[in-house]
file run29.cif (mmCIF, C-alpha atoms)
data_target
loop_
_atom_site.label_atom_id
_atom_site.label_comp_id
_atom_site.auth_asym_id
_atom_site.auth_seq_id
_atom_site.Cartn_x
_atom_site.Cartn_y
_atom_site.Cartn_z
CA MET H 1 54.18 144.69 23.34
CA LYS H 2 56.68 147.36 22.35
CA ALA H 3 55.46 147.17 18.73
CA ILE H 4 51.83 147.69 19.83
CA ALA H 5 52.83 150.66 21.98
CA THR H 6 54.71 152.20 19.04
CA LYS H 7 51.71 151.70 16.74
CA LEU H 8 49.39 153.25 19.32
CA LEU H 9 51.74 156.19 19.65
CA LEU H 10 51.82 156.62 15.87
CA VAL H 11 48.00 156.44 15.67
CA ALA H 12 47.73 158.99 18.48
CA MET H 13 50.23 161.26 16.71
CA PHE H 14 48.28 160.92 13.45
CA PHE H 15 45.02 161.96 15.08
CA THR H 16 46.70 164.80 16.95
CA THR H 17 48.11 166.09 13.67
CA ALA H 18 44.90 165.51 11.72
CA ASN H 19 42.79 167.38 14.26
CA ALA H 20 45.18 170.25 14.75
CA ALA H 21 43.58 173.46 13.54
CA PRO H 22 45.82 174.90 10.86
CA ALA H 23 45.02 178.43 11.97
CA LYS H 24 46.81 178.15 15.30
CA GLY H 25 50.04 180.10 15.55
CA ASP H 26 50.79 182.08 12.42
CA ASP H 27 47.45 182.29 10.65
CA PHE H 28 48.84 184.18 7.70
CA ASN H 29 51.25 181.36 6.83
CA SER H 30 48.54 178.77 7.51
CA VAL H 31 46.24 180.43 5.00
CA VAL H 32 49.00 180.64 2.40
CA LYS H 33 49.75 176.95 2.92
CA MET H 34 46.07 176.09 2.76
CA ILE H 35 45.74 177.83 -0.62
CA GLU H 36 48.85 176.04 -1.86
CA GLN H 37 47.57 172.65 -0.79
CA PHE H 38 43.97 173.16 -1.89
CA TYR H 39 44.71 174.52 -5.36
CA ARG H 40 48.14 172.89 -5.78
CA VAL H 41 49.80 176.24 -6.41
CA LYS H 42 52.89 178.01 -5.11
CA HIS H 43 53.17 181.58 -3.90
CA VAL H 44 55.93 183.87 -5.05
CA GLY H 45 58.11 185.47 -2.42
CA ILE H 46 58.43 189.25 -2.28
CA PRO H 47 62.25 189.27 -2.74
CA PHE H 48 61.79 187.35 -6.00
CA LEU H 49 59.20 189.84 -7.21
CA ALA H 50 61.40 192.76 -6.20
CA LYS H 51 64.30 191.24 -8.08
CA ALA H 52 62.11 190.86 -11.12
CA GLY H 53 61.31 194.55 -10.89
CA MET H 54 57.62 193.98 -10.37
CA LYS H 55 55.29 196.48 -8.79
CA ILE H 56 54.44 194.31 -5.84
CA GLY H 57 57.94 194.05 -4.53
CA THR H 58 58.76 197.73 -4.62
CA THR H 59 55.44 198.79 -3.15
CA ALA H 60 55.55 196.24 -0.36
CA ALA H 61 59.05 197.40 0.49
CA ARG H 62 57.90 201.00 0.62
CA ILE H 63 54.95 200.18 2.83
CA LYS H 64 57.24 198.27 5.14
CA GLY H 65 59.38 201.36 5.40
CA GLY H 66 56.31 203.48 5.98
CA GLN H 67 56.62 205.74 2.92
CA ALA H 68 53.51 204.57 1.12
CA ARG H 69 51.33 204.02 4.18
CA ARG H 70 47.74 204.98 3.77
CA ILE H 71 45.60 202.35 5.45
CA ALA H 72 47.95 199.76 6.91
CA GLU H 73 50.11 200.60 9.88
CA ALA H 74 53.78 200.95 8.91
CA GLY H 75 55.68 197.69 9.01
CA SER H 76 52.57 195.64 9.67
CA ILE H 77 52.04 194.26 6.20
CA LYS H 78 52.39 190.59 5.31
CA LEU H 79 51.88 189.74 1.67
CA ALA H 80 51.82 186.52 -0.35
CA VAL H 81 51.19 186.58 -4.06
CA PHE H 82 50.19 183.76 -6.39
CA GLU H 83 50.69 184.65 -10.04
CA ASP H 84 49.54 183.03 -13.26
CA GLN H 85 48.34 179.74 -11.75
CA ASP H 86 45.04 177.88 -11.83
CA PHE H 87 42.48 178.49 -9.10
CA ASN H 88 39.72 176.42 -10.56
CA GLY H 89 36.49 175.34 -8.96
CA GLU H 90 35.32 174.08 -5.59
CA ILE H 91 34.76 177.58 -4.24
CA ALA H 92 32.20 176.36 -1.69
CA LYS H 93 34.57 173.68 -0.42
CA PHE H 94 37.46 176.10 -0.15
CA ARG H 95 35.30 178.62 1.65
CA ALA H 96 34.17 176.01 4.17
CA SER H 97 37.77 174.92 4.81
CA LEU H 98 38.92 178.51 5.25
CA ASN H 99 36.11 179.33 7.67
CA ASP H 100 36.73 176.13 9.63
CA ALA H 101 40.38 177.04 9.98
CA LEU H 102 40.01 180.71 10.87
CA THR H 103 36.74 181.39 12.65
CA ALA H 104 37.98 180.22 16.05
CA THR H 105 40.48 183.08 16.16
CA TRP H 106 39.36 185.49 13.43
CA MET H 107 35.99 187.20 12.90
CA PRO H 108 34.64 186.91 9.36
CA LEU H 109 33.54 190.36 8.22
CA ILE H 110 32.63 189.98 4.57
CA GLN H 111 32.91 187.20 2.00
CA THR H 112 32.20 187.83 -1.66
CA LEU H 113 32.04 184.95 -4.11
CA SER H 114 31.59 185.06 -7.87
CA PRO H 115 31.65 181.40 -8.99
CA GLN H 116 31.20 182.19 -12.67
CA ASP H 117 34.19 184.53 -12.69
CA GLU H 118 35.91 182.28 -10.16
CA GLU H 119 36.58 185.19 -7.85
CA GLN H 120 36.60 185.05 -4.08
CA VAL H 121 37.27 187.78 -1.52
CA TYR H 122 37.40 187.12 2.21
CA ILE H 123 38.01 189.66 4.96
CA PHE H 124 38.66 188.50 8.52
CA LEU H 125 39.38 190.63 11.59
CA LYS H 126 41.17 189.92 14.84
CA ASP H 127 41.26 192.19 17.87
CA ALA H 128 44.80 193.22 18.75
CA GLY H 129 44.18 195.49 21.71
CA GLU H 130 44.34 199.11 20.61
CA LYS H 131 44.53 198.07 16.98
CA ILE H 132 43.09 195.38 14.79
CA ASN H 133 44.58 192.78 12.49
CA VAL H 134 42.93 192.38 9.11
CA LEU H 135 43.38 189.43 6.78
CA VAL H 136 42.27 189.95 3.18
CA ILE H 137 42.29 186.92 0.89
CA THR H 138 41.59 187.54 -2.79
CA ILE H 139 41.46 184.65 -5.25
CA GLU H 140 40.82 185.10 -8.96
CA GLN H 141 41.02 182.70 -11.91
CA ARG H 142 44.79 182.98 -12.37
CA ASP H 143 46.02 185.09 -9.44
CA ALA H 144 45.61 185.31 -5.70
CA THR H 145 46.84 187.50 -2.85
CA VAL H 146 46.85 187.09 0.90
CA VAL H 147 47.40 190.34 2.79
CA GLN H 148 47.56 190.77 6.53
CA VAL H 149 47.78 194.28 7.95
CA THR H 150 47.29 196.07 11.22
CA LEU H 151 44.81 198.93 11.21
CA SER H 152 44.45 201.90 13.49
CA PRO H 153 40.98 202.50 15.00
CA LYS H 154 40.42 205.30 12.46
CA ASN H 155 41.07 203.03 9.50
CA LEU H 156 39.10 200.22 11.10
CA ALA H 157 36.13 202.59 11.15
CA LEU H 158 36.65 203.05 7.40
CA LEU H 159 36.69 199.28 6.92
CA LEU H 160 33.54 198.76 8.96
CA LYS H 161 31.70 201.53 7.15
CA ASP H 162 32.63 200.18 3.75
CA PRO H 163 34.02 196.63 4.11
CA GLU H 164 34.13 195.81 0.40
CA GLY H 165 35.68 199.08 -0.77
CA THR H 166 38.23 199.36 2.03
CA GLY H 167 39.13 195.66 1.70
CA LYS H 168 39.96 196.28 -1.97
CA SER H 169 42.00 199.34 -1.01
CA ILE H 170 44.04 197.27 1.46
CA THR H 171 44.94 194.76 -1.26
CA GLN H 172 45.61 197.54 -3.79
CA GLU H 173 47.78 199.39 -1.32
CA ALA H 174 49.86 196.26 -0.82
CA THR H 175 50.19 195.35 -4.48
CA ILE H 176 50.08 198.46 -6.65
CA ASN H 177 52.83 201.01 -7.02
CA ASP H 178 51.23 204.23 -5.84
CA GLN H 179 53.67 206.37 -7.78
CA GLU H 180 52.26 205.25 -11.10
CA MET E 1 24.85 170.84 59.27
CA LYS E 2 21.50 172.18 58.08
CA THR E 3 23.08 175.57 57.46
CA LEU E 4 25.86 173.99 55.51
CA PHE E 5 23.28 172.06 53.47
CA HIS E 6 21.39 175.28 52.71
CA ILE E 7 24.59 177.05 51.79
CA ASN E 8 25.48 174.21 49.45
CA ILE E 9 22.05 174.29 47.82
CA ARG E 10 22.28 178.06 47.44
CA THR E 11 25.78 177.79 46.01
CA ALA E 12 24.65 175.06 43.63
CA LEU E 13 21.67 177.16 42.49
CA ALA E 14 23.85 180.21 42.02
CA ALA E 15 26.34 178.15 40.05
CA LEU E 16 23.53 176.69 37.95
CA LEU E 17 22.13 180.15 37.21
CA LEU E 18 25.58 181.46 36.39
CA SER E 19 26.25 178.55 34.07
CA LEU E 20 22.87 179.04 32.38
CA ALA E 21 23.25 182.81 31.98
CA PRO E 22 25.20 182.66 28.69
CA VAL E 23 22.73 180.11 27.32
CA LEU E 24 19.71 182.23 28.29
CA SER E 25 21.38 185.34 26.93
CA ALA E 26 22.22 183.58 23.65
CA HIS E 27 18.64 182.34 23.44
CA ALA E 28 17.32 185.89 23.88
CA GLN E 29 19.61 187.08 21.09
CA GLN E 30 18.60 184.27 18.78
CA ASP E 31 15.04 185.52 18.85
CA SER E 32 15.76 188.18 16.27
CA ARG E 33 18.69 186.40 14.58
CA ILE E 34 17.55 184.92 11.30
CA GLN E 35 19.32 181.73 10.32
CA MET E 36 20.32 182.19 6.68
CA GLY E 37 22.31 179.00 6.14
CA ALA E 38 19.43 177.45 4.19
CA LEU E 39 20.20 179.91 1.36
CA ASP E 40 23.81 178.84 0.98
CA HIS E 41 23.07 176.36 -1.82
CA LEU E 42 22.08 179.30 -4.05
CA ALA E 43 25.70 180.45 -4.11
CA ALA E 44 26.48 177.83 -6.74
CA LYS E 45 23.93 179.35 -9.17
CA ALA E 46 24.64 182.98 -8.32
CA SER E 47 26.95 185.20 -10.31
CA GLN E 48 27.82 186.94 -7.07
CA THR E 49 27.28 186.17 -3.40
CA VAL E 50 27.97 188.62 -0.60
CA ASP E 51 28.00 187.56 3.05
CA VAL E 52 28.41 190.15 5.77
CA ASN E 53 28.78 189.05 9.39
CA ILE E 54 29.12 191.71 12.04
CA ASP E 55 28.56 189.87 15.28
CA GLU E 56 28.39 191.26 18.80
CA ARG E 57 32.19 191.29 19.17
CA LEU E 58 32.53 193.34 15.99
CA MET E 59 29.64 195.61 16.98
CA ARG E 60 31.46 196.42 20.23
CA LEU E 61 34.61 197.04 18.24
CA ALA E 62 32.74 199.30 15.82
CA ALA E 63 31.23 201.28 18.67
CA ARG E 64 34.76 201.73 20.02
CA VAL E 65 36.36 203.00 16.82
CA PHE E 66 33.72 205.35 15.43
CA ASP E 67 34.78 208.91 16.13
CA ASP E 68 32.49 211.17 18.15
CA LYS E 69 34.00 214.22 16.44
CA ASP E 70 32.77 213.07 13.03
CA GLU E 71 29.05 213.83 12.74
CA ASP E 72 28.35 210.88 10.45
CA GLU E 73 30.29 208.41 12.60
CA ARG E 74 28.70 209.81 15.77
CA GLU E 75 25.23 209.11 14.35
CA VAL E 76 26.16 205.57 13.32
CA LYS E 77 27.78 204.99 16.72
CA LYS E 78 24.53 205.97 18.46
CA LEU E 79 22.51 203.72 16.18
CA ILE E 80 24.66 200.67 16.74
CA ALA E 81 25.30 201.25 20.44
CA ASN E 82 23.00 198.45 21.60
CA LEU E 83 22.95 196.26 18.51
CA LYS E 84 24.01 192.64 18.81
CA GLY E 85 24.79 192.08 15.16
CA VAL E 86 24.28 192.88 11.50
CA TYR E 87 24.06 190.05 8.99
CA VAL E 88 23.61 190.34 5.24
CA LYS E 89 23.35 187.67 2.59
CA SER E 90 22.94 188.76 -0.99
CA PHE E 91 22.81 186.85 -4.28
CA GLU E 92 22.91 188.19 -7.83
CA PHE E 93 21.99 185.93 -10.73
CA GLU E 94 22.80 186.16 -14.44
CA THR E 95 19.36 185.02 -15.53
CA GLU E 96 15.85 184.91 -14.14
CA GLY E 97 14.36 181.90 -12.39
CA GLN E 98 17.52 180.77 -10.62
CA TYR E 99 15.71 180.58 -7.32
CA ALA E 100 12.17 179.67 -6.34
CA ALA E 101 9.80 180.69 -3.58
CA ALA E 102 10.61 177.39 -1.87
CA ASP E 103 14.23 178.50 -1.52
CA ILE E 104 13.19 181.51 0.57
CA GLU E 105 10.60 179.61 2.58
CA PRO E 106 13.00 178.82 5.47
CA ILE E 107 13.50 182.57 5.90
CA ARG E 108 9.79 183.34 5.65
CA THR E 109 9.01 180.59 8.15
CA GLN E 110 11.21 182.31 10.71
CA LEU E 111 9.63 185.67 9.94
CA ARG E 112 6.17 184.21 10.53
CA GLY E 113 7.33 183.25 14.03
CA PRO E 114 6.09 184.87 17.23
CA GLY E 115 6.96 188.53 17.66
CA TRP E 116 7.70 189.27 14.01
CA THR E 117 5.50 191.82 12.21
CA ARG E 118 5.70 192.78 8.57
CA LEU E 119 5.98 196.54 8.53
CA VAL E 120 6.56 197.21 4.85
CA ASN E 121 5.66 195.28 1.76
CA VAL E 122 6.39 197.07 -1.49
CA THR E 123 6.12 195.34 -4.84
CA SER E 124 7.17 196.87 -8.11
CA LYS E 125 7.91 195.44 -11.54
CA LYS E 126 11.18 197.32 -11.71
CA GLU E 127 12.45 196.91 -8.17
CA GLY E 128 10.94 193.57 -7.20
CA MET E 129 9.58 193.01 -3.73
CA LEU E 130 10.81 194.67 -0.58
CA GLU E 131 9.59 193.48 2.78
CA VAL E 132 10.63 194.89 6.15
CA TYR E 133 9.90 192.92 9.30
CA LEU E 134 10.30 193.98 12.91
CA LEU E 135 10.57 191.79 15.95
CA PHE E 136 8.74 193.24 18.93
CA ASN E 137 9.62 192.26 22.47
CA GLY E 138 6.58 193.87 24.04
CA ASP E 139 6.72 197.48 22.87
CA VAL E 140 10.42 197.39 22.18
CA VAL E 141 11.85 196.63 18.76
CA GLY E 142 14.22 193.74 19.28
CA GLY E 143 15.38 193.25 15.73
CA LEU E 144 14.76 193.82 12.05
CA ALA E 145 14.81 191.81 8.89
CA VAL E 146 14.67 193.00 5.29
CA LEU E 147 13.86 190.64 2.45
CA HIS E 148 14.41 191.94 -1.06
CA THR E 149 13.50 189.62 -3.89
CA ASP E 150 13.88 190.40 -7.55
CA ASP E 151 14.03 188.29 -10.73
CA LYS E 152 17.81 188.30 -10.61
CA GLU E 153 18.51 189.23 -7.02
CA LEU E 154 17.88 188.07 -3.49
CA THR E 155 18.99 189.95 -0.38
CA VAL E 156 18.34 189.28 3.29
CA VAL E 157 19.41 191.81 5.91
CA ASN E 158 19.10 191.00 9.59
CA ILE E 159 19.80 193.54 12.33
CA VAL E 160 19.82 191.96 15.78
CA GLY E 161 19.02 194.17 18.74
CA PRO E 162 17.03 197.36 19.33
CA VAL E 163 16.76 199.32 16.11
CA ASP E 164 15.66 202.92 15.78
CA VAL E 165 13.44 202.45 12.74
CA ASP E 166 13.18 206.18 12.02
CA LYS E 167 16.94 206.38 11.65
CA LEU E 168 17.32 203.12 9.78
CA ALA E 169 18.15 204.89 6.52
CA ARG E 170 21.36 206.13 8.20
CA LEU E 171 22.66 202.56 8.29
CA GLU E 172 22.07 201.89 4.59
CA GLY E 173 25.37 201.77 2.75
CA GLN E 174 27.22 201.36 6.09
CA LEU E 175 28.51 198.19 7.78
CA GLY E 176 27.96 196.23 4.59
CA ILE E 177 24.22 196.93 4.59
CA PRO E 178 23.17 197.47 0.97
CA ASP E 179 21.29 200.56 -0.07
CA LEU E 180 17.85 199.04 -0.54
CA GLY E 181 15.91 202.28 -0.28
CA ILE E 182 14.32 201.20 2.98
CA GLY E 183 14.19 204.81 4.11
CA SER E 184 12.00 205.43 7.11
CA PRO E 185 9.42 202.73 6.80
CA LYS E 186 5.95 203.44 8.04
CA ASN E 187 3.13 201.00 8.49
CA LYS E 188 2.15 200.47 4.92
CA THR E 189 1.52 197.79 2.38
CA LYS E 190 1.80 198.97 -1.19
CA ASN E 191 1.67 197.30 -4.53
CA ASP E 192 2.97 199.50 -7.34
CA ASP E 193 1.75 197.06 -9.94
CA GLU E 194 -1.82 197.53 -8.87
CA LYS E 195 -1.68 201.22 -9.74
#

call {"tool": "encode", "arguments": {"input": "run29.cif", "output": "structure tokens"}}
result
Amino acid sequence: MKAIATKLLLVAMFFTTANAAPAKGDDFNSVVKMIEQFYRVKHVGIPFLAKAGMKIGTTAARIKGGQARRIAEAGSIKLAVFEDQDFNGEIAKFRASLNDALTATWMPLIQTLSPQDEEQVYIFLKDAGEKINVLVITIEQRDATVVQVTLSPKNLALLLKDPEGTGKSITQEATINDQE
Amino acid sequence: MKTLFHINIRTALAALLLSLAPVLSAHAQQDSRIQMGALDHLAAKASQTVDVNIDERLMRLAARVFDDKDEDEREVKKLIANLKGVYVKSFEFETEGQYAAADIEPIRTQLRGPGWTRLVNVTSKKEGMLEVYLLFNGDVVGGLAVLHTDDKELTVVNIVGPVDVDKLARLEGQLGIPDLGIGSPKNKTKNDDEK
């Protein structure tokens, strides 16, 4: 009897885990994990990049400190970078998984897919009271970035007027050294 | 007892109406919302696919953040004030013949539905075919759809809610709406190739 109860508990736990939406809680980390699992890749932490003297690390640090802020609110940036890894195929499947995971809590604004070039850009928004959270996911053949920032109403207006252009600017702002 | 019975019936009816309100409201909105999911399979053949979804929540957000002091933003804010959504699906292909008329038929079927009127139909060898449809709820424009088909391109734009057609050009290039040269459409049907 005890064995049956244990098995039932395990089955129940399995289904609870299997049905749990990955986007609950910290969506940024969920998306990063989803990319890692789907494409079997690993993201590189910012401290590692900074140590290696790469642009991303220094710029992200500056944005965090507020010096290089243009679009993102100071200190609001979350960045995960995937470098020199394979992001091959199954764009439609990945897109479906991403939308399934995020659309309950995030609003999809624009999604651009280029299967031949294996490029994908997704921009999601989430209302955060006075401000708005923006999640920009960019996946290319060998690299990917996940950026989450908070925008002021003024910069949200920019994003809504030109979603594609401003979305690119958000990623560039997070990953390119503006002093170059 | 009778009074209590009547009160209960009234309460039940009120509750029923309240519970149906979101459904009825959603139904009214769906009238001008074009379902574009049937086009999704073209993404695999396309060199680029763009999907823009600005639903009612985002429209409300947009109306909140556009600045009245900025002339351009003020105009857009007025235009989108009562809109329920803007949806765009666009495909670009490397070569011709990647999609057939049958692929667009699910869209056309919806646009042949009650209330929809084709306002503009322009065909040109260079630019392809541009069709603008309006959904009329009585005398009021309840929504708009634009269908642009070219040898290597397919774009569907759907604006849900009351649209000021004369000021439509103001929205081109904004909110992810491509610049299709819709301008201020007037009742016309033109075929450049016949000239």

call {"tool": "residues_near_point", "arguments": {"input": "run29.cif", "point": "(31.2, 201.4, 5.9)", "cutoff": "10 Å", "atoms": "only C-alpha atoms", "output": "list in words"}}
result
Leu156, Ala157, Leu158, Leu159, Leu160, Lys161, Asp162, Pro163, Glu164, Gly165 and Thr166 of chain H; Glu73, Val76, Leu171, Glu172, Gly173, Gln174, Leu175, Gly176 and Ile177 of chain E

call {"tool": "interface_residues", "arguments": {"input": "run29.cif", "of": "chain H", "to": "chain E", "cutoff": "12 Å", "atoms": "all atoms listed in the file", "output": "PDB file with C-alpha atoms, keeping the file's coordinate frame"}}
result
ATOM      1  CA  GLY H  89      36.490 175.340  -8.960  1.00  0.00           C
ATOM      2  CA  GLU H  90      35.320 174.080  -5.590  1.00  0.00           C
ATOM      3  CA  ILE H  91      34.760 177.580  -4.240  1.00  0.00           C
ATOM      4  CA  ALA H  92      32.200 176.360  -1.690  1.00  0.00           C
ATOM      5  CA  LYS H  93      34.570 173.680  -0.420  1.00  0.00           C
ATOM      6  CA  ARG H  95      35.300 178.620   1.650  1.00  0.00           C
ATOM      7  CA  ALA H  96      34.170 176.010   4.170  1.00  0.00           C
ATOM      8  CA  THR H 103      36.740 181.390  12.650  1.00  0.00           C
ATOM      9  CA  TRP H 106      39.360 185.490  13.430  1.00  0.00           C
ATOM     10  CA  MET H 107      35.990 187.200  12.900  1.00  0.00           C
ATOM     11  CA  PRO H 108      34.640 186.910   9.360  1.00  0.00           C
ATOM     12  CA  LEU H 109      33.540 190.360   8.220  1.00  0.00           C
ATOM     13  CA  ILE H 110      32.630 189.980   4.570  1.00  0.00           C
ATOM     14  CA  GLN H 111      32.910 187.200   2.000  1.00  0.00           C
ATOM     15  CA  THR H 112      32.200 187.830  -1.660  1.00  0.00           C
ATOM     16  CA  LEU H 113      32.040 184.950  -4.110  1.00  0.00           C
ATOM     17  CA  SER H 114      31.590 185.060  -7.870  1.00  0.00           C
ATOM     18  CA  PRO H 115      31.650 181.400  -8.990  1.00  0.00           C
ATOM     19  CA  GLN H 116      31.200 182.190 -12.670  1.00  0.00           C
ATOM     20  CA  ASP H 117      34.190 184.530 -12.690  1.00  0.00           C
ATOM     21  CA  GLU H 118      35.910 182.280 -10.160  1.00  0.00           C
ATOM     22  CA  GLU H 119      36.580 185.190  -7.850  1.00  0.00           C
ATOM     23  CA  GLN H 120      36.600 185.050  -4.080  1.00  0.00           C
ATOM     24  CA  VAL H 121      37.270 187.780  -1.520  1.00  0.00           C
ATOM     25  CA  TYR H 122      37.400 187.120   2.210  1.00  0.00           C
ATOM     26  CA  ILE H 123      38.010 189.660   4.960  1.00  0.00           C
ATOM     27  CA  PHE H 124      38.660 188.500   8.520  1.00  0.00           C
ATOM     28  CA  LEU H 125      39.380 190.630  11.590  1.00  0.00           C
ATOM     29  CA  LYS H 126      41.170 189.920  14.840  1.00  0.00           C
ATOM     30  CA  ASP H 127      41.260 192.190  17.870  1.00  0.00           C
ATOM     31  CA  ALA H 128      44.800 193.220  18.750  1.00  0.00           C
ATOM     32  CA  GLY H 129      44.180 195.490  21.710  1.00  0.00           C
ATOM     33  CA  GLU H 130      44.340 199.110  20.610  1.00  0.00           C
ATOM     34  CA  LYS H 131      44.530 198.070  16.980  1.00  0.00           C
ATOM     35  CA  ILE H 132      43.090 195.380  14.790  1.00  0.00           C
ATOM     36  CA  LEU H 151      44.810 198.930  11.210  1.00  0.00           C
ATOM     37  CA  SER H 152      44.450 201.900  13.490  1.00  0.00           C
ATOM     38  CA  PRO H 153      40.980 202.500  15.000  1.00  0.00           C
ATOM     39  CA  LYS H 154      40.420 205.300  12.460  1.00  0.00           C
ATOM     40  CA  ASN H 155      41.070 203.030   9.500  1.00  0.00           C
ATOM     41  CA  LEU H 156      39.100 200.220  11.100  1.00  0.00           C
ATOM     42  CA  ALA H 157      36.130 202.590  11.150  1.00  0.00           C
ATOM     43  CA  LEU H 158      36.650 203.050   7.400  1.00  0.00           C
ATOM     44  CA  LEU H 159      36.690 199.280   6.920  1.00  0.00           C
ATOM     45  CA  LEU H 160      33.540 198.760   8.960  1.00  0.00           C
ATOM     46  CA  LYS H 161      31.700 201.530   7.150  1.00  0.00           C
ATOM     47  CA  ASP H 162      32.630 200.180   3.750  1.00  0.00           C
ATOM     48  CA  PRO H 163      34.020 196.630   4.110  1.00  0.00           C
ATOM     49  CA  GLU H 164      34.130 195.810   0.400  1.00  0.00           C
ATOM     50  CA  GLY H 165      35.680 199.080  -0.770  1.00  0.00           C
ATOM     51  CA  THR H 166      38.230 199.360   2.030  1.00  0.00           C
ATOM     52  CA  GLY H 167      39.130 195.660   1.700  1.00  0.00           C
TER      53      GLY H 167
END

call {"tool": "residues_around", "arguments": {"input": "run29.cif", "residues": "Ile159 in chain E", "least_positions_apart": "6", "cutoff": "8 Å", "atoms": "all atoms listed in the file", "output": "ChimeraX atom specification"}}
result
/E:32-33,83-87,143-145

call {"tool": "resolve_selection", "arguments": {"input": "run29.cif", "expression": "the PyMOL selection byres ((chain E and resi 82) around 9)", "output": "list in words"}}
result
Met59, Arg60, Lys78, Leu79, Ile80, Ala81, Leu83, Lys84, Gly161, Pro162 and Val163 of chain E

call {"tool": "residues_around", "arguments": {"input": "run29.cif", "residues": "range 115-119 of chain E", "least_positions_apart": "6", "cutoff": "6 Å", "atoms": "only C-alpha atoms", "output": "JSON list (two decimals) with C-alpha atoms, in the frame of the given file"}}
result
[["chain", "number", "residue", "atom", "x", "y", "z"],
["E", 132, "VAL", "CA", 10.63, 194.89, 6.15],
["E", 133, "TYR", "CA", 9.90, 192.92, 9.30],
["E", 134, "LEU", "CA", 10.30, 193.98, 12.91],
["E", 135, "LEU", "CA", 10.57, 191.79, 15.95],
["E", 136, "PHE", "CA", 8.74, 193.24, 18.93],
["E", 187, "ASN", "CA", 3.13, 201.00, 8.49]]

call {"tool": "atom_distance", "arguments": {"input": "run29.cif", "atom1": "CA of Asp84 in chain H", "atom2": "CA of Ser30 in chain H"}}
result
21.2 Å

call {"tool": "resolve_selection", "arguments": {"input": "run29.cif", "expression": "the PyMOL selection byres ((chain H and resi 72) around 6)", "output": "VMD selection string"}}
result
chain H and resid 71 73 149 to 151

call {"tool": "closest_residue", "arguments": {"input": "run29.cif", "among": "E:Val156, E:Asn137, E:Ile34, E:Phe93", "to": "Pro114 in chain E", "atoms": "all atoms listed in the file"}}
result
E:Asn137

call {"tool": "axis_aligned_box", "arguments": {"input": "run29.cif", "around": "range 69-88 of chain E", "padding_each_side": "3 Å", "output": "AutoDock Vina command-line options"}}
result
--center_x 28.3 --center_y 202.1 --center_z 13.4 --size_x 17.5 --size_y 30.2 --size_z 22.4

call {"tool": "resolve_selection", "arguments": {"input": "run29.cif", "expression": "the PyMOL selection byres ((chain H and resi 144) around 12)", "output": "PDB file with C-alpha atoms, in the coordinates of the input"}}
result
ATOM      1  CA  VAL H  31      46.240 180.430   5.000  1.00  0.00           C
ATOM      2  CA  VAL H  32      49.000 180.640   2.400  1.00  0.00           C
ATOM      3  CA  ILE H  35      45.740 177.830  -0.620  1.00  0.00           C
ATOM      4  CA  GLU H  36      48.850 176.040  -1.860  1.00  0.00           C
ATOM      5  CA  TYR H  39      44.710 174.520  -5.360  1.00  0.00           C
ATOM      6  CA  VAL H  41      49.800 176.240  -6.410  1.00  0.00           C
ATOM      7  CA  LYS H  42      52.890 178.010  -5.110  1.00  0.00           C
ATOM      8  CA  HIS H  43      53.170 181.580  -3.900  1.00  0.00           C
ATOM      9  CA  VAL H  44      55.930 183.870  -5.050  1.00  0.00           C
ATOM     10  CA  LEU H  79      51.880 189.740   1.670  1.00  0.00           C
ATOM     11  CA  ALA H  80      51.820 186.520  -0.350  1.00  0.00           C
ATOM     12  CA  VAL H  81      51.190 186.580  -4.060  1.00  0.00           C
ATOM     13  CA  PHE H  82      50.190 183.760  -6.390  1.00  0.00           C
ATOM     14  CA  GLU H  83      50.690 184.650 -10.040  1.00  0.00           C
ATOM     15  CA  ASP H  84      49.540 183.030 -13.260  1.00  0.00           C
ATOM     16  CA  GLN H  85      48.340 179.740 -11.750  1.00  0.00           C
ATOM     17  CA  ASP H  86      45.040 177.880 -11.830  1.00  0.00           C
ATOM     18  CA  PHE H  87      42.480 178.490  -9.100  1.00  0.00           C
ATOM     19  CA  ASN H  88      39.720 176.420 -10.560  1.00  0.00           C
ATOM     20  CA  GLU H 118      35.910 182.280 -10.160  1.00  0.00           C
ATOM     21  CA  GLU H 119      36.580 185.190  -7.850  1.00  0.00           C
ATOM     22  CA  GLN H 120      36.600 185.050  -4.080  1.00  0.00           C
ATOM     23  CA  VAL H 121      37.270 187.780  -1.520  1.00  0.00           C
ATOM     24  CA  TYR H 122      37.400 187.120   2.210  1.00  0.00           C
ATOM     25  CA  VAL H 136      42.270 189.950   3.180  1.00  0.00           C
ATOM     26  CA  ILE H 137      42.290 186.920   0.890  1.00  0.00           C
ATOM     27  CA  THR H 138      41.590 187.540  -2.790  1.00  0.00           C
ATOM     28  CA  ILE H 139      41.460 184.650  -5.250  1.00  0.00           C
ATOM     29  CA  GLU H 140      40.820 185.100  -8.960  1.00  0.00           C
ATOM     30  CA  GLN H 141      41.020 182.700 -11.910  1.00  0.00           C
ATOM     31  CA  ARG H 142      44.790 182.980 -12.370  1.00  0.00           C
ATOM     32  CA  ASP H 143      46.020 185.090  -9.440  1.00  0.00           C
ATOM     33  CA  THR H 145      46.840 187.500  -2.850  1.00  0.00           C
ATOM     34  CA  VAL H 146      46.850 187.090   0.900  1.00  0.00           C
ATOM     35  CA  VAL H 147      47.400 190.340   2.790  1.00  0.00           C
ATOM     36  CA  THR H 171      44.940 194.760  -1.260  1.00  0.00           C
ATOM     37  CA  THR H 175      50.190 195.350  -4.480  1.00  0.00           C
TER      38      THR H 175
END

call {"tool": "atom_distance", "arguments": {"input": "run29.cif", "atom1": "CA of Leu168 in chain E", "atom2": "CA of Arg74 in chain E"}}
result
14.5 Å

call {"tool": "atom_distance", "arguments": {"input": "run29.cif", "atom1": "CA of Asp139 in chain E", "atom2": "CA of Gly113 in chain E"}}
result
16.8 Å
